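Below is upload10.cif, which holds mmCIF, N, CA and C atoms.
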```
data_input
#
loop_
_atom_site.label_atom_id
_atom_site.label_comp_id
_atom_site.auth_asym_id
_atom_site.auth_seq_id
_atom_site.Cartn_x
_atom_site.Cartn_y
_atom_site.Cartn_z
N MET F 10 14.94 0.06 -10.11
CA MET F 10 14.85 -0.63 -8.84
C MET F 10 13.52 -1.38 -8.82
N ASP F 11 13.59 -2.67 -8.51
CA ASP F 11 12.41 -3.52 -8.43
C ASP F 11 12.20 -3.94 -6.98
N PHE F 12 10.98 -3.76 -6.47
CA PHE F 12 10.65 -4.21 -5.12
C PHE F 12 10.01 -5.58 -5.18
N HIS F 13 10.39 -6.44 -4.25
CA HIS F 13 9.86 -7.79 -4.16
C HIS F 13 9.66 -8.12 -2.69
N ALA F 14 9.05 -9.21 -2.42
CA ALA F 14 8.97 -9.76 -1.07
C ALA F 14 8.95 -11.27 -1.22
N ASP F 15 9.94 -11.77 -1.93
CA ASP F 15 10.00 -13.19 -2.26
C ASP F 15 10.90 -13.94 -1.30
N GLU F 16 10.40 -15.08 -0.83
CA GLU F 16 11.23 -15.94 0.00
C GLU F 16 12.31 -16.56 -0.88
N ILE F 17 13.52 -16.65 -0.34
CA ILE F 17 14.65 -17.21 -1.08
C ILE F 17 15.31 -18.31 -0.25
N GLU F 18 16.00 -19.18 -0.94
CA GLU F 18 16.83 -20.20 -0.29
C GLU F 18 18.26 -19.66 -0.28
N VAL F 19 18.98 -19.89 0.81
CA VAL F 19 20.36 -19.42 0.90
C VAL F 19 21.31 -20.58 1.12
N ARG F 20 22.56 -20.34 0.78
CA ARG F 20 23.63 -21.32 0.96
C ARG F 20 24.79 -20.61 1.66
N PHE F 21 25.38 -21.29 2.63
CA PHE F 21 26.51 -20.74 3.37
C PHE F 21 27.76 -21.56 3.05
N HIS F 22 28.93 -20.94 3.16
CA HIS F 22 30.18 -21.68 3.05
C HIS F 22 30.29 -22.66 4.22
N LYS F 23 29.89 -22.17 5.39
CA LYS F 23 29.91 -22.97 6.62
C LYS F 23 28.60 -22.71 7.34
N GLU F 24 27.94 -23.76 7.81
CA GLU F 24 26.66 -23.58 8.49
C GLU F 24 26.80 -22.62 9.67
N PRO F 25 25.82 -21.71 9.83
CA PRO F 25 25.89 -20.72 10.91
C PRO F 25 25.86 -21.38 12.29
N THR F 26 26.60 -20.79 13.21
CA THR F 26 26.63 -21.25 14.59
C THR F 26 25.34 -20.87 15.30
N LEU F 27 24.88 -19.65 15.07
CA LEU F 27 23.67 -19.15 15.72
C LEU F 27 22.51 -19.14 14.73
N GLU F 28 21.46 -19.86 15.05
CA GLU F 28 20.30 -19.98 14.16
C GLU F 28 19.62 -18.63 13.90
N LYS F 29 19.50 -17.81 14.92
CA LYS F 29 18.80 -16.53 14.76
C LYS F 29 19.71 -15.39 14.36
N ARG F 30 20.97 -15.66 14.15
CA ARG F 30 21.93 -14.64 13.71
C ARG F 30 22.90 -15.30 12.73
N PRO F 31 22.38 -15.73 11.57
CA PRO F 31 23.19 -16.55 10.68
C PRO F 31 24.30 -15.81 9.94
N GLY F 32 24.20 -14.49 9.79
CA GLY F 32 25.22 -13.76 9.05
C GLY F 32 24.97 -13.82 7.55
N LEU F 33 25.93 -13.32 6.81
CA LEU F 33 25.81 -13.21 5.36
C LEU F 33 25.97 -14.57 4.68
N PRO F 34 25.02 -14.95 3.82
CA PRO F 34 25.18 -16.20 3.08
C PRO F 34 26.18 -16.06 1.94
N ALA F 35 26.61 -17.17 1.39
CA ALA F 35 27.54 -17.17 0.26
C ALA F 35 26.79 -17.01 -1.05
N ALA F 36 25.52 -17.48 -1.08
CA ALA F 36 24.72 -17.42 -2.31
C ALA F 36 23.25 -17.56 -1.94
N PHE F 37 22.38 -17.20 -2.88
CA PHE F 37 20.95 -17.40 -2.68
C PHE F 37 20.32 -17.81 -4.01
N THR F 38 19.19 -18.49 -3.91
CA THR F 38 18.45 -18.92 -5.09
C THR F 38 17.14 -18.15 -5.11
N TRP F 39 16.89 -17.49 -6.25
CA TRP F 39 15.68 -16.70 -6.44
C TRP F 39 15.16 -17.01 -7.84
N ARG F 40 13.89 -17.39 -7.91
CA ARG F 40 13.24 -17.71 -9.18
C ARG F 40 14.06 -18.72 -9.99
N ASP F 41 14.46 -19.79 -9.31
CA ASP F 41 15.17 -20.93 -9.90
C ASP F 41 16.55 -20.58 -10.45
N ARG F 42 17.14 -19.50 -9.97
CA ARG F 42 18.49 -19.12 -10.40
C ARG F 42 19.34 -18.84 -9.18
N GLU F 43 20.56 -19.37 -9.17
CA GLU F 43 21.46 -19.12 -8.05
C GLU F 43 22.29 -17.87 -8.31
N TYR F 44 22.41 -17.04 -7.29
CA TYR F 44 23.21 -15.82 -7.31
C TYR F 44 24.32 -15.97 -6.28
N VAL F 45 25.55 -15.92 -6.72
CA VAL F 45 26.70 -16.02 -5.81
C VAL F 45 27.05 -14.61 -5.35
N ILE F 46 27.14 -14.44 -4.05
CA ILE F 46 27.45 -13.13 -3.46
C ILE F 46 28.97 -12.94 -3.45
N VAL F 47 29.40 -11.82 -4.04
CA VAL F 47 30.84 -11.54 -4.09
C VAL F 47 31.23 -10.33 -3.24
N GLU F 48 30.23 -9.52 -2.84
CA GLU F 48 30.57 -8.33 -2.05
C GLU F 48 29.40 -7.94 -1.15
N LEU F 49 29.72 -7.63 0.10
CA LEU F 49 28.76 -7.04 1.02
C LEU F 49 28.88 -5.53 0.87
N VAL F 50 27.84 -4.89 0.35
CA VAL F 50 27.86 -3.46 0.11
C VAL F 50 27.49 -2.71 1.39
N LYS F 51 26.49 -3.23 2.10
CA LYS F 51 26.00 -2.56 3.30
C LYS F 51 25.29 -3.59 4.17
N GLU F 52 25.31 -3.36 5.49
CA GLU F 52 24.62 -4.24 6.44
C GLU F 52 23.94 -3.39 7.49
N TRP F 53 22.71 -3.72 7.85
CA TRP F 53 22.02 -3.02 8.94
C TRP F 53 21.04 -3.97 9.60
N HIS F 54 20.62 -3.60 10.82
CA HIS F 54 19.76 -4.47 11.62
C HIS F 54 18.60 -3.66 12.17
N ASP F 55 17.45 -4.29 12.22
CA ASP F 55 16.24 -3.64 12.74
C ASP F 55 15.59 -4.62 13.70
N TYR F 56 15.62 -4.29 15.00
CA TYR F 56 15.07 -5.19 16.00
C TYR F 56 13.78 -4.65 16.60
N CYS F 57 13.04 -3.85 15.83
CA CYS F 57 11.75 -3.37 16.29
C CYS F 57 10.76 -4.52 16.32
N LYS F 58 9.88 -4.46 17.28
CA LYS F 58 8.83 -5.47 17.37
C LYS F 58 7.74 -5.12 16.38
N ARG F 59 7.22 -6.14 15.69
CA ARG F 59 6.18 -5.95 14.69
C ARG F 59 5.01 -6.85 15.01
N GLY F 60 3.87 -6.52 14.44
CA GLY F 60 2.70 -7.40 14.51
C GLY F 60 2.32 -7.77 15.92
N LYS F 61 2.20 -9.08 16.20
CA LYS F 61 1.75 -9.57 17.50
C LYS F 61 2.71 -9.19 18.62
N SER F 62 4.00 -9.20 18.35
CA SER F 62 4.98 -8.83 19.38
C SER F 62 4.80 -7.38 19.81
N LYS F 63 4.60 -6.50 18.83
CA LYS F 63 4.42 -5.08 19.14
C LYS F 63 3.13 -4.88 19.93
N ALA F 64 2.05 -5.53 19.50
CA ALA F 64 0.76 -5.41 20.20
C ALA F 64 0.88 -5.92 21.63
N PHE F 65 1.61 -7.02 21.85
CA PHE F 65 1.81 -7.57 23.18
C PHE F 65 2.52 -6.56 24.07
N TYR F 66 3.59 -5.95 23.57
CA TYR F 66 4.33 -4.99 24.38
C TYR F 66 3.50 -3.76 24.70
N LYS F 67 2.68 -3.31 23.76
CA LYS F 67 1.80 -2.16 24.04
C LYS F 67 0.81 -2.52 25.13
N LYS F 68 0.22 -3.69 25.06
CA LYS F 68 -0.79 -4.12 26.02
C LYS F 68 -0.17 -4.32 27.40
N GLU F 69 0.96 -4.99 27.47
CA GLU F 69 1.60 -5.30 28.74
C GLU F 69 2.23 -4.08 29.40
N ARG F 70 2.82 -3.21 28.61
CA ARG F 70 3.58 -2.09 29.17
C ARG F 70 2.80 -0.77 29.19
N GLY F 71 1.72 -0.70 28.42
CA GLY F 71 0.93 0.52 28.39
C GLY F 71 1.44 1.55 27.41
N SER F 72 2.63 1.40 26.95
CA SER F 72 3.19 2.29 25.93
C SER F 72 4.29 1.54 25.20
N TYR F 73 4.76 2.15 24.17
CA TYR F 73 5.79 1.50 23.34
C TYR F 73 7.01 2.39 23.31
N TRP F 74 8.13 1.88 23.78
CA TRP F 74 9.35 2.67 23.77
C TRP F 74 10.50 1.77 23.37
N VAL F 75 11.62 2.37 23.05
CA VAL F 75 12.80 1.60 22.64
C VAL F 75 13.43 1.01 23.89
N THR F 76 13.52 -0.30 23.91
CA THR F 76 14.14 -0.99 25.03
C THR F 76 15.49 -1.54 24.59
N SER F 77 16.25 -2.00 25.56
CA SER F 77 17.56 -2.57 25.23
C SER F 77 17.40 -3.79 24.32
N SER F 78 16.29 -4.53 24.47
CA SER F 78 16.08 -5.71 23.63
C SER F 78 15.87 -5.31 22.17
N GLN F 79 15.34 -4.11 21.93
CA GLN F 79 15.16 -3.65 20.56
C GLN F 79 16.48 -3.27 19.93
N ARG F 80 17.40 -2.80 20.73
CA ARG F 80 18.71 -2.45 20.19
C ARG F 80 19.52 -3.71 19.90
N ARG F 81 19.39 -4.73 20.75
CA ARG F 81 20.15 -5.97 20.60
C ARG F 81 19.37 -7.02 19.83
N GLY F 82 18.07 -7.05 20.02
CA GLY F 82 17.24 -8.07 19.40
C GLY F 82 16.87 -9.14 20.40
N SER F 83 15.59 -9.44 20.50
CA SER F 83 15.10 -10.53 21.33
C SER F 83 14.97 -11.76 20.46
N TRP F 84 14.81 -12.91 21.08
CA TRP F 84 14.65 -14.13 20.30
C TRP F 84 13.43 -13.99 19.40
N GLY F 85 13.62 -14.25 18.12
CA GLY F 85 12.51 -14.25 17.18
C GLY F 85 12.01 -12.89 16.77
N VAL F 86 12.71 -11.82 17.14
CA VAL F 86 12.26 -10.47 16.81
C VAL F 86 13.33 -9.78 15.98
N GLY F 87 12.91 -9.15 14.90
CA GLY F 87 13.84 -8.32 14.14
C GLY F 87 14.27 -8.92 12.82
N ARG F 88 15.05 -8.12 12.12
CA ARG F 88 15.55 -8.49 10.80
C ARG F 88 17.00 -8.05 10.65
N ASP F 89 17.76 -8.88 9.94
CA ASP F 89 19.15 -8.56 9.59
C ASP F 89 19.18 -8.34 8.08
N TYR F 90 19.53 -7.12 7.67
CA TYR F 90 19.51 -6.73 6.26
C TYR F 90 20.91 -6.72 5.67
N TYR F 91 20.99 -7.10 4.39
CA TYR F 91 22.27 -7.10 3.67
C TYR F 91 22.04 -6.58 2.25
N ARG F 92 22.84 -5.61 1.85
CA ARG F 92 22.87 -5.18 0.45
C ARG F 92 24.10 -5.85 -0.15
N VAL F 93 23.86 -6.65 -1.20
CA VAL F 93 24.94 -7.48 -1.74
C VAL F 93 25.09 -7.29 -3.24
N ARG F 94 26.32 -7.50 -3.70
CA ARG F 94 26.61 -7.52 -5.13
C ARG F 94 26.89 -8.97 -5.49
N THR F 95 26.32 -9.41 -6.60
CA THR F 95 26.49 -10.80 -7.02
C THR F 95 27.54 -10.92 -8.11
N GLU F 96 27.89 -12.15 -8.40
CA GLU F 96 28.87 -12.46 -9.44
C GLU F 96 28.53 -11.80 -10.77
N SER F 97 27.22 -11.68 -11.05
CA SER F 97 26.78 -11.10 -12.32
C SER F 97 26.80 -9.57 -12.30
N GLY F 98 27.12 -8.96 -11.14
CA GLY F 98 27.16 -7.50 -11.04
C GLY F 98 25.87 -6.89 -10.54
N GLU F 99 24.85 -7.71 -10.33
CA GLU F 99 23.57 -7.19 -9.84
C GLU F 99 23.66 -6.90 -8.35
N VAL F 100 22.87 -5.92 -7.90
CA VAL F 100 22.85 -5.53 -6.49
C VAL F 100 21.45 -5.81 -5.94
N PHE F 101 21.39 -6.50 -4.78
CA PHE F 101 20.13 -6.88 -4.16
C PHE F 101 20.13 -6.50 -2.69
N ASP F 102 18.94 -6.24 -2.14
CA ASP F 102 18.74 -6.16 -0.70
C ASP F 102 18.05 -7.44 -0.30
N ILE F 103 18.67 -8.18 0.62
CA ILE F 103 18.07 -9.38 1.17
C ILE F 103 18.04 -9.22 2.68
N TYR F 104 17.15 -9.94 3.34
CA TYR F 104 17.15 -9.90 4.81
C TYR F 104 16.72 -11.23 5.39
N TYR F 105 17.15 -11.43 6.64
CA TYR F 105 16.74 -12.59 7.41
C TYR F 105 15.73 -12.12 8.42
N ASP F 106 14.50 -12.59 8.31
CA ASP F 106 13.43 -12.28 9.26
C ASP F 106 13.52 -13.31 10.38
N ARG F 107 13.88 -12.87 11.57
CA ARG F 107 14.14 -13.76 12.69
C ARG F 107 12.88 -14.36 13.30
N GLY F 108 11.71 -13.85 12.95
CA GLY F 108 10.46 -14.35 13.52
C GLY F 108 10.16 -15.77 13.08
N PRO F 109 9.81 -16.66 14.03
CA PRO F 109 9.48 -18.03 13.65
C PRO F 109 8.20 -18.06 12.81
N LYS F 110 8.18 -18.94 11.83
CA LYS F 110 7.03 -19.03 10.93
C LYS F 110 6.29 -20.34 11.17
N GLY F 111 5.03 -20.23 11.59
CA GLY F 111 4.23 -21.43 11.83
C GLY F 111 4.87 -22.33 12.87
N ARG F 112 4.95 -23.60 12.55
CA ARG F 112 5.54 -24.56 13.49
C ARG F 112 7.05 -24.58 13.42
N LYS F 113 7.59 -23.95 12.39
CA LYS F 113 9.05 -23.88 12.29
C LYS F 113 9.56 -22.86 13.30
N ARG F 114 10.66 -23.19 13.94
CA ARG F 114 11.26 -22.23 14.87
C ARG F 114 12.19 -21.28 14.14
N LYS F 115 12.54 -21.64 12.93
CA LYS F 115 13.46 -20.81 12.16
C LYS F 115 12.73 -19.66 11.49
N GLY F 116 13.48 -18.62 11.19
CA GLY F 116 12.95 -17.50 10.43
C GLY F 116 13.03 -17.81 8.94
N GLN F 117 13.00 -16.77 8.14
CA GLN F 117 13.09 -16.98 6.70
C GLN F 117 13.90 -15.88 6.04
N TRP F 118 14.49 -16.22 4.91
CA TRP F 118 15.24 -15.26 4.10
C TRP F 118 14.32 -14.68 3.04
N ILE F 119 14.42 -13.37 2.83
CA ILE F 119 13.57 -12.65 1.89
C ILE F 119 14.43 -11.77 0.98
N LEU F 120 14.10 -11.77 -0.31
CA LEU F 120 14.69 -10.80 -1.23
C LEU F 120 13.71 -9.64 -1.28
N SER F 121 14.14 -8.47 -0.83
CA SER F 121 13.22 -7.33 -0.76
C SER F 121 13.28 -6.45 -2.00
N ARG F 122 14.46 -6.33 -2.61
CA ARG F 122 14.51 -5.54 -3.84
C ARG F 122 15.80 -5.80 -4.62
N ARG F 123 15.67 -5.57 -5.90
CA ARG F 123 16.83 -5.62 -6.79
C ARG F 123 17.11 -4.17 -7.16
N LEU F 124 18.31 -3.69 -6.82
CA LEU F 124 18.66 -2.30 -7.05
C LEU F 124 19.25 -2.08 -8.43
N SER F 125 19.91 -3.08 -8.97
CA SER F 125 20.45 -2.94 -10.32
C SER F 125 20.41 -4.29 -11.00
N GLU F 126 20.12 -4.26 -12.26
CA GLU F 126 20.05 -5.49 -13.04
C GLU F 126 21.42 -5.82 -13.59
N ARG F 127 21.50 -6.97 -14.20
CA ARG F 127 22.75 -7.43 -14.79
C ARG F 127 23.23 -6.42 -15.83
N PRO F 128 24.49 -6.02 -15.76
CA PRO F 128 25.00 -5.07 -16.75
C PRO F 128 24.88 -5.64 -18.17
N GLN F 129 24.57 -4.77 -19.10
CA GLN F 129 24.46 -5.19 -20.50
C GLN F 129 25.84 -5.46 -21.06
N THR F 130 25.96 -6.51 -21.86
CA THR F 130 27.23 -6.79 -22.54
C THR F 130 27.00 -6.65 -24.04
N TYR F 131 27.90 -5.97 -24.68
CA TYR F 131 27.76 -5.72 -26.12
C TYR F 131 28.87 -6.38 -26.88
#
```
I'd like the structure from this file rewritten - as structure tokens, please.
Amino acid sequence: MDFHADEIEVRFHKEPTLEKRPGLPAAFTWRDREYVIVELVKEWHDYCKRGKSKAFYKKERGSYWVTSSQRRGSWGVGRDYYRVRTESGEVFDIYYDRGPKGRKRKGQWILSRRLSERPQTY
């Protein structure tokens, strides 16, 4: 298992309707190679506030507790995770970080780890 935190480019069969909830892509490009996704192995979501958002809620509310927005996700908060199998048989964990980056209002896609490498062929 290899851990990474590399930004990736993704491709969809059809452009997502919701910018902050794009769903599973059809393929992604990592280190100049395209990986076509053939199977969704697992999906999970984490809408906890991090960094500045978490500090803001602590300051404003006096404590930090799970709110309904954390279960559903507020605009720009949280991550959508996908464990996928690619055409080559490799398994990856990728996620969409919903937080806006800099002047961009969009989040970014990240490859967090490769769980299995390409099967050996003899």
Check: Out of F:His13, F:Lys58, F:Arg30, F:Glu99, which residue has the shortest atom-to-atom distance to F:Ile46 when counting only C-alpha atoms?
Finding: F:Glu99
Note to self: Here's the selection I'm unsure about, the PyMOL selection byres ((chain F and resi 35-40) around 5); applied to the file above, which residues does it give, as number ranges by chain?
What the structure shows: F: 17-22, 33-34, 41-46
Item checked: All residues 7 Å or closer to stretch 94-97 of chain F, only N, CA and C atoms, same chain fewer than 2 positions away omitted, as an NGL selection string -> :F and (44-50 or 92 or 99-101 or 126-128)
Check: Using only C-alpha atoms, which residues sit within 6 Å of F:Ser121 once same-chain residues fewer than 5 positions away are excluded, as a VMD selection string?
Finding: chain F and resid 12 to 14 102 to 103
Notebook entry, point to check: Which value, in Å to one decimal, gives the distance between atom CA of F:Tyr90 and atom N of F:Asp106?
Noted result: 8.0 Å
Next item on the list: Using all atoms listed in the file, find the one residue out of F:Lys51, F:Lys23, F:Arg122, F:Arg88 that sits nearest to F:Arg107.
Entry: F:Arg88
